[in-house]
>>> print(open('coords-v4.cif').read())   # mmCIF, C-alpha atoms
data_my_file
loop_
_atom_site.label_atom_id
_atom_site.label_comp_id
_atom_site.auth_asym_id
_atom_site.auth_seq_id
_atom_site.Cartn_x
_atom_site.Cartn_y
_atom_site.Cartn_z
CA MET A 161 -1.07 -13.38 -18.52
CA LEU A 162 -2.81 -12.10 -15.41
CA GLY A 163 -5.44 -9.43 -15.91
CA PRO A 164 -4.75 -6.07 -14.29
CA SER A 165 -8.00 -6.21 -12.32
CA ARG A 166 -6.80 -9.38 -10.59
CA LEU A 167 -3.49 -7.77 -9.68
CA GLN A 168 -5.05 -4.51 -8.51
CA ALA A 169 -7.36 -6.47 -6.24
CA ALA A 170 -4.45 -7.94 -4.27
CA ALA A 171 -4.59 -6.83 -0.64
CA TYR A 172 -0.97 -7.91 -0.16
CA GLU A 173 2.08 -7.58 -2.40
CA ILE A 174 4.09 -10.60 -1.26
CA VAL A 175 3.75 -13.86 0.68
CA ALA A 176 6.80 -15.14 2.60
CA ILE A 177 6.83 -18.65 4.08
CA GLY A 178 9.21 -20.17 6.63
CA SER A 179 9.49 -23.88 7.45
CA SER A 180 11.97 -26.40 8.80
CA ALA A 181 11.56 -30.01 9.94
CA GLY A 182 8.54 -31.52 8.19
CA GLY A 183 8.47 -28.53 5.89
CA VAL A 184 8.75 -30.30 2.53
CA LYS A 185 5.46 -32.11 3.14
CA ALA A 186 3.87 -28.88 4.43
CA LEU A 187 5.09 -26.87 1.44
CA LEU A 188 3.71 -29.52 -0.92
CA ALA A 189 0.33 -29.14 0.79
CA VAL A 190 0.28 -25.33 0.67
CA LEU A 191 1.94 -24.63 -2.68
CA GLY A 192 0.18 -27.56 -4.32
CA ALA A 193 -3.20 -26.07 -3.41
CA LEU A 194 -2.59 -22.51 -4.66
CA PRO A 195 -4.20 -21.56 -7.99
CA VAL A 196 -2.19 -20.94 -11.15
CA ASP A 197 -3.35 -17.30 -11.14
CA PHE A 198 -2.24 -16.57 -7.56
CA PRO A 199 -1.73 -12.83 -7.97
CA VAL A 200 1.38 -12.12 -5.87
CA PRO A 201 4.93 -13.53 -5.63
CA LEU A 202 6.01 -15.98 -2.93
CA VAL A 203 9.40 -16.29 -1.25
CA VAL A 204 10.23 -19.36 0.83
CA VAL A 205 12.84 -20.37 3.39
CA GLN A 206 12.96 -24.11 4.04
CA HIS A 207 15.91 -25.26 6.14
CA LEU A 208 17.94 -27.64 3.95
CA ASP A 209 21.04 -29.72 4.50
CA PRO A 210 23.82 -27.64 2.89
CA ARG A 211 25.95 -30.74 2.21
CA HIS A 212 23.60 -32.04 -0.47
CA ASP A 213 22.39 -30.61 -3.75
CA THR A 214 18.71 -30.04 -3.28
CA ILE A 215 15.97 -31.17 -5.62
CA LEU A 216 13.34 -29.34 -3.58
CA ALA A 217 12.46 -26.92 -6.39
CA ASP A 218 11.92 -29.83 -8.79
CA ILE A 219 9.78 -31.75 -6.29
CA LEU A 220 7.58 -28.74 -5.54
CA ASP A 221 7.41 -27.66 -9.19
CA ARG A 222 5.95 -31.03 -10.19
CA ARG A 223 3.20 -30.74 -7.58
CA SER A 224 2.31 -27.06 -7.89
CA ARG A 225 0.58 -25.04 -10.60
CA LEU A 226 2.90 -22.15 -9.77
CA ARG A 227 6.41 -21.80 -11.19
CA ILE A 228 8.93 -22.78 -8.53
CA LYS A 229 12.63 -21.94 -8.76
CA MET A 230 15.71 -21.62 -6.63
CA ALA A 231 16.36 -17.94 -6.00
CA GLU A 232 19.35 -16.40 -7.73
CA PRO A 233 21.01 -13.02 -7.06
CA ASP A 234 19.19 -10.12 -8.73
CA ASP A 235 16.07 -12.18 -9.52
CA VAL A 236 13.01 -9.93 -9.57
CA ILE A 237 9.94 -11.48 -7.99
CA GLY A 238 6.70 -11.66 -9.93
CA PRO A 239 3.13 -12.96 -9.58
CA GLY A 240 2.70 -16.72 -9.60
CA VAL A 241 6.39 -17.47 -9.07
CA VAL A 242 7.82 -19.07 -5.92
CA HIS A 243 11.47 -18.27 -5.13
CA LEU A 244 13.13 -20.74 -2.74
CA ALA A 245 16.18 -19.88 -0.66
CA PRO A 246 19.03 -22.15 -1.79
CA PRO A 247 20.86 -24.29 0.78
CA ASP A 248 23.27 -22.38 3.04
CA ARG A 249 22.27 -18.91 1.76
CA HIS A 250 20.09 -16.29 3.39
CA LEU A 251 17.40 -14.92 1.05
CA LEU A 252 16.57 -11.21 1.24
CA VAL A 253 14.06 -9.03 -0.61
CA HIS A 254 14.93 -5.45 -1.56
CA PRO A 255 12.91 -2.52 -2.95
CA GLY A 256 11.51 -3.26 -6.39
CA GLY A 257 11.22 -6.95 -5.50
CA VAL A 258 14.90 -7.62 -6.22
CA LEU A 259 16.37 -10.65 -4.43
CA SER A 260 19.82 -11.12 -2.96
CA LEU A 261 21.57 -14.09 -1.40
CA SER A 262 23.94 -13.81 1.53
CA ALA A 263 26.48 -16.11 3.14
CA SER A 264 26.54 -13.97 6.30
CA GLU A 265 26.52 -15.60 9.72
CA HIS A 266 23.98 -18.20 10.73
CA VAL A 267 20.98 -16.80 12.63
CA LYS A 268 19.71 -19.04 15.45
CA PHE A 269 22.04 -21.72 14.05
CA VAL A 270 20.42 -21.72 10.60
CA ARG A 271 21.14 -20.39 7.13
CA PRO A 272 18.85 -19.62 5.35
CA SER A 273 16.96 -17.77 8.06
CA ALA A 274 13.22 -17.13 8.00
CA ASP A 275 13.84 -14.26 10.43
CA LEU A 276 16.08 -12.42 7.96
CA LEU A 277 13.68 -13.05 5.06
CA PHE A 278 10.67 -11.85 7.07
CA GLU A 279 12.55 -8.77 8.32
CA SER A 280 13.51 -7.79 4.76
CA VAL A 281 9.93 -8.30 3.59
CA ALA A 282 8.62 -6.20 6.48
CA GLU A 283 11.03 -3.38 5.67
CA VAL A 284 10.12 -3.27 1.96
CA TYR A 285 6.40 -4.04 2.05
CA GLY A 286 5.18 -2.89 5.49
CA PRO A 287 1.43 -3.50 5.82
CA SER A 288 1.37 -5.23 2.41
CA ALA A 289 3.51 -8.11 3.77
CA LEU A 290 1.90 -11.47 4.51
CA VAL A 291 4.08 -14.11 6.19
CA CYS A 292 3.35 -17.70 7.11
CA VAL A 293 5.16 -19.99 9.58
CA LEU A 294 4.82 -23.74 9.05
CA THR A 295 6.13 -26.82 10.84
CA GLY A 296 9.67 -26.81 12.22
CA THR A 297 11.90 -27.13 15.25
CA GLY A 298 13.51 -24.14 16.93
CA SER A 299 12.30 -20.55 16.90
CA ASP A 300 13.33 -19.25 13.46
CA GLY A 301 10.64 -16.94 12.10
CA ALA A 302 9.45 -15.58 15.45
CA ALA A 303 11.62 -12.43 15.47
CA GLY A 304 10.89 -11.83 11.79
CA ALA A 305 7.17 -12.17 12.42
CA GLY A 306 7.57 -9.49 15.09
CA ALA A 307 9.13 -7.17 12.51
CA VAL A 308 6.23 -7.82 10.13
CA LYS A 309 3.64 -7.10 12.82
CA SER A 310 5.44 -3.92 13.92
CA ARG A 311 5.07 -2.55 10.39
CA GLY A 312 1.41 -3.46 10.07
CA GLY A 313 1.81 -6.72 8.15
CA THR A 314 -0.05 -9.99 8.70
CA VAL A 315 1.17 -13.25 10.25
CA VAL A 316 -0.39 -16.67 9.59
CA SER A 317 0.79 -19.80 11.39
CA GLU A 318 0.19 -23.50 11.12
CA ASP A 319 -1.64 -24.73 14.22
CA PRO A 320 1.00 -26.23 16.54
CA GLU A 321 -1.48 -28.97 17.43
CA THR A 322 -1.57 -30.23 13.84
CA ALA A 323 2.01 -29.34 12.83
CA GLU A 324 4.41 -32.26 12.42
CA PHE A 325 6.94 -30.30 14.48
CA LYS A 326 5.53 -27.70 16.87
CA GLY A 327 8.62 -25.60 17.64
CA MET A 328 8.40 -22.84 15.03
CA PRO A 329 4.61 -22.38 15.21
CA GLN A 330 4.74 -22.29 19.02
CA ALA A 331 7.63 -19.81 19.02
CA VAL A 332 5.83 -17.39 16.71
CA ALA A 333 2.66 -17.65 18.81
CA LYS A 334 4.67 -16.71 21.92
CA ALA A 335 6.42 -13.84 20.16
CA VAL A 336 3.52 -12.06 18.47
CA SER A 337 -0.25 -11.93 18.23
CA VAL A 338 -0.68 -14.25 15.23
CA ASP A 339 -3.51 -13.12 12.95
CA LEU A 340 -4.61 -16.60 11.85
CA VAL A 341 -3.69 -20.00 13.33
CA LEU A 342 -4.89 -22.75 11.02
CA PRO A 343 -4.51 -26.46 10.31
CA LEU A 344 -2.17 -27.11 7.40
CA ASP A 345 -4.97 -28.04 4.98
CA ASP A 346 -6.69 -24.66 5.49
CA ILE A 347 -3.65 -22.43 4.91
CA ALA A 348 -3.69 -22.26 1.10
CA ASP A 349 -7.35 -21.17 1.01
CA ALA A 350 -6.65 -18.56 3.68
CA LEU A 351 -3.69 -17.14 1.73
CA VAL A 352 -5.84 -16.87 -1.40
CA GLY A 353 -8.66 -15.18 0.51
CA LEU A 354 -6.34 -12.72 2.23
CA VAL A 355 -4.45 -11.79 -0.92
CA GLU A 356 -7.62 -11.36 -2.97
CA GLY A 357 -9.35 -9.44 -0.20
CA THR A 358 -12.22 -11.91 0.12
CA ARG A 359 -11.22 -12.99 3.63
CA THR A 360 -10.87 -10.74 6.63
CA LEU A 361 -8.89 -11.50 9.77
#
>>> encode(input="coords-v4.cif", output="structure tokens")
Amino acid sequence: MLGPSRLQAAAYEIVAIGSSAGGVKALLAVLGALPVDFPVPLVVVQHLDPRHDTILADILDRRSRLRIKMAEPDDVIGPGVVHLAPPDRHLLVHPGGVLSLSASEHVKFVRPSADLLFESVAEVYGPSALVCVLTGTGSDGAAGAGAVKSRGGTVVSEDPETAEFKGMPQAVAKAVSVDLVLPLDDIADALVGLVEGTRTL
């Protein structure tokens, strides 16, 4: 059980992560390095092939100290739990940390969409939203990062120079003033520092 002082210290209320090509390896690096007492919930969009049942949650769960699960409708997010968007469903966060899944149209040719997740997080959490864009092709996440910035939230991006696929990190850098651009191996520590208020931008 997390102590209330740890929770009250959190400078952010949620971390949302978007990734695509190369993202499984990147998520293993980030989620695998976060501590068991990470004090806020995480929501993740990783583009997955909708034609196959995914074992992504199982793979990540074995390598992370956090609890990792596929998001289900009406799940309520909580500290130390990672909710993954299932294949072919958009993941949205609503007031009170309630999740919903949507089969609405593809956004920029993808479903789930990091843009839609980030936009919902921005709307609910405003300046308490922290989003992170990892490796991937295309530009998913850039518009959502803009929504987060417009409401006072924080955007972290993997350095395009070290990302396996540069498209998503480059797109977000063109779209907004990214608060932190970091090599993959530095992202987990940065997320911990930002959330706990021990790191400034």
>>> closest_residue(input="coords-v4.cif", among="A:Leu290, A:Val204, A:Val270, A:Ala331", to="Leu351 (chain A)", atoms="all atoms listed in the file")
A:Leu290
>>> residues_around(input="coords-v4.cif", residues="Val352 (chain A)", least_positions_apart="2", cutoff="10 Å", atoms="only C-alpha atoms", output="list in words")
Ala170, Ala193, Leu194, Pro195, Phe198, Pro199, Val200, Ile347, Ala348, Asp349, Ala350, Leu354, Val355, Glu356, Gly357, Thr358 and Arg359 of chain A
>>> atom_distance(input="coords-v4.cif", atom1="CA of Leu259 (chain A)", atom2="CA of Val236 (chain A)")
6.2 Å
>>> atom_distance(input="coords-v4.cif", atom1="CA of Gly192 (chain A)", atom2="CA of Ala307 (chain A)")
27.9 Å
>>> resolve_selection(input="coords-v4.cif", expression="the PyMOL selection byres ((chain A and resi 313-315) around 6)", output="compact mmCIF listing (two decimals) with C-alpha atoms, keeping the file's coordinate frame")
# COMPACT_ATOMS: atom_id res chain seq x y z
CA GLY A 286 5.18 -2.89 5.49
CA PRO A 287 1.43 -3.50 5.82
CA SER A 288 1.37 -5.23 2.41
CA ALA A 289 3.51 -8.11 3.77
CA LEU A 290 1.90 -11.47 4.51
CA VAL A 291 4.08 -14.11 6.19
CA CYS A 292 3.35 -17.70 7.11
CA VAL A 308 6.23 -7.82 10.13
CA LYS A 309 3.64 -7.10 12.82
CA ARG A 311 5.07 -2.55 10.39
CA GLY A 312 1.41 -3.46 10.07
CA VAL A 316 -0.39 -16.67 9.59
CA VAL A 338 -0.68 -14.25 15.23
CA ASP A 339 -3.51 -13.12 12.95
>>> residues_near_point(input="coords-v4.cif", point="(21.2, -10.1, 6.4)", cutoff="7 Å", atoms="all atoms listed in the file", output="list in words")
His250, Ser262, Ser264 and Leu276 of chain A
>>> closest_atom_pairs(input="coords-v4.cif", of="region 232-350 of chain A", to="region 181-185 of chain A", cutoff="7 Å", atoms="all atoms listed in the file", output="tab-separated table")
residue	atom	partner	partner_atom	distance
A:Leu294	CA	A:Gly183	CA	6.8
A:Thr295	CA	A:Gly183	CA	5.7
A:Gly296	CA	A:Ala181	CA	4.4
A:Thr297	CA	A:Ala181	CA	6.1
A:Glu324	CA	A:Gly182	CA	6.0
A:Phe325	CA	A:Ala181	CA	6.5
>>> closest_residue(input="coords-v4.cif", among="A:Leu188, A:Val203, A:Val284, A:Leu261", to="Leu244 (chain A)", atoms="all atoms listed in the file")
A:Val203
>>> atom_distance(input="coords-v4.cif", atom1="CA of Val281 (chain A)", atom2="CA of Gly306 (chain A)")
11.8 Å
>>> closest_atom_pairs(input="coords-v4.cif", of="region 244-359 of chain A", to="region 223-235 of chain A", cutoff="10 Å", atoms="only C-alpha atoms", output="tab-separated table")
residue	atom	partner	partner_atom	distance
A:Leu244	CA	A:Met230	CA	4.8
A:Ala245	CA	A:Ala231	CA	5.7
A:Pro246	CA	A:Met230	CA	5.9
A:Pro247	CA	A:Met230	CA	9.4
A:Arg249	CA	A:Ala231	CA	9.8
A:Leu251	CA	A:Ala231	CA	7.7
A:Leu252	CA	A:Pro233	CA	9.6
A:Val253	CA	A:Asp235	CA	9.7
A:His254	CA	A:Asp234	CA	9.6
A:Gly257	CA	A:Asp235	CA	8.2
A:Val258	CA	A:Asp234	CA	5.6
A:Leu259	CA	A:Asp234	CA	5.2
A:Ser260	CA	A:Pro233	CA	4.7
A:Leu261	CA	A:Pro233	CA	5.8
A:Ser262	CA	A:Pro233	CA	9.1
>>> closest_residue(input="coords-v4.cif", among="A:Leu344, A:Ser337, A:Pro210, A:Gly304", to="Asp319 (chain A)", atoms="only C-alpha atoms")
A:Leu344
>>> closest_residue(input="coords-v4.cif", among="A:Gly238, A:Leu187, A:Val196, A:Leu342", to="Ala217 (chain A)", atoms="all atoms listed in the file")
A:Leu187
>>> residues_around(input="coords-v4.cif", residues="Asp300 (chain A)", least_positions_apart="4", cutoff="9 Å", atoms="only C-alpha atoms", output="list in words")
Gly178, Ser179, Ser180, Val267, Lys268, Val270, Ser273, Ala274, Asp275, Gly296, Gly304, Gly327, Met328, Ala331 and Val332 of chain A
>>> write_last_selection(input="coords-v4.cif", atoms="C-alpha atoms", output="PDB file, in the coordinates of the input")
ATOM      1  CA  GLY A 178       9.210 -20.170   6.630  1.00  0.00           C
ATOM      2  CA  SER A 179       9.490 -23.880   7.450  1.00  0.00           C
ATOM      3  CA  SER A 180      11.970 -26.400   8.800  1.00  0.00           C
ATOM      4  CA  VAL A 267      20.980 -16.800  12.630  1.00  0.00           C
ATOM      5  CA  LYS A 268      19.710 -19.040  15.450  1.00  0.00           C
ATOM      6  CA  VAL A 270      20.420 -21.720  10.600  1.00  0.00           C
ATOM      7  CA  SER A 273      16.960 -17.770   8.060  1.00  0.00           C
ATOM      8  CA  ALA A 274      13.220 -17.130   8.000  1.00  0.00           C
ATOM      9  CA  ASP A 275      13.840 -14.260  10.430  1.00  0.00           C
ATOM     10  CA  GLY A 296       9.670 -26.810  12.220  1.00  0.00           C
ATOM     11  CA  GLY A 304      10.890 -11.830  11.790  1.00  0.00           C
ATOM     12  CA  GLY A 327       8.620 -25.600  17.640  1.00  0.00           C
ATOM     13  CA  MET A 328       8.400 -22.840  15.030  1.00  0.00           C
ATOM     14  CA  ALA A 331       7.630 -19.810  19.020  1.00  0.00           C
ATOM     15  CA  VAL A 332       5.830 -17.390  16.710  1.00  0.00           C
TER      16      VAL A 332
END
>>> axis_aligned_box(input="coords-v4.cif", around="region 336-340 of chain A", padding_each_side="3 Å", output="AutoDock Vina command-line options")
--center_x -0.5 --center_y -14.3 --center_z 15.2 --size_x 14.1 --size_y 10.7 --size_z 12.6
>>> closest_residue(input="coords-v4.cif", among="A:Asp197, A:Glu283, A:Glu173, A:Glu321", to="Ala305 (chain A)", atoms="all atoms listed in the file")
A:Glu283
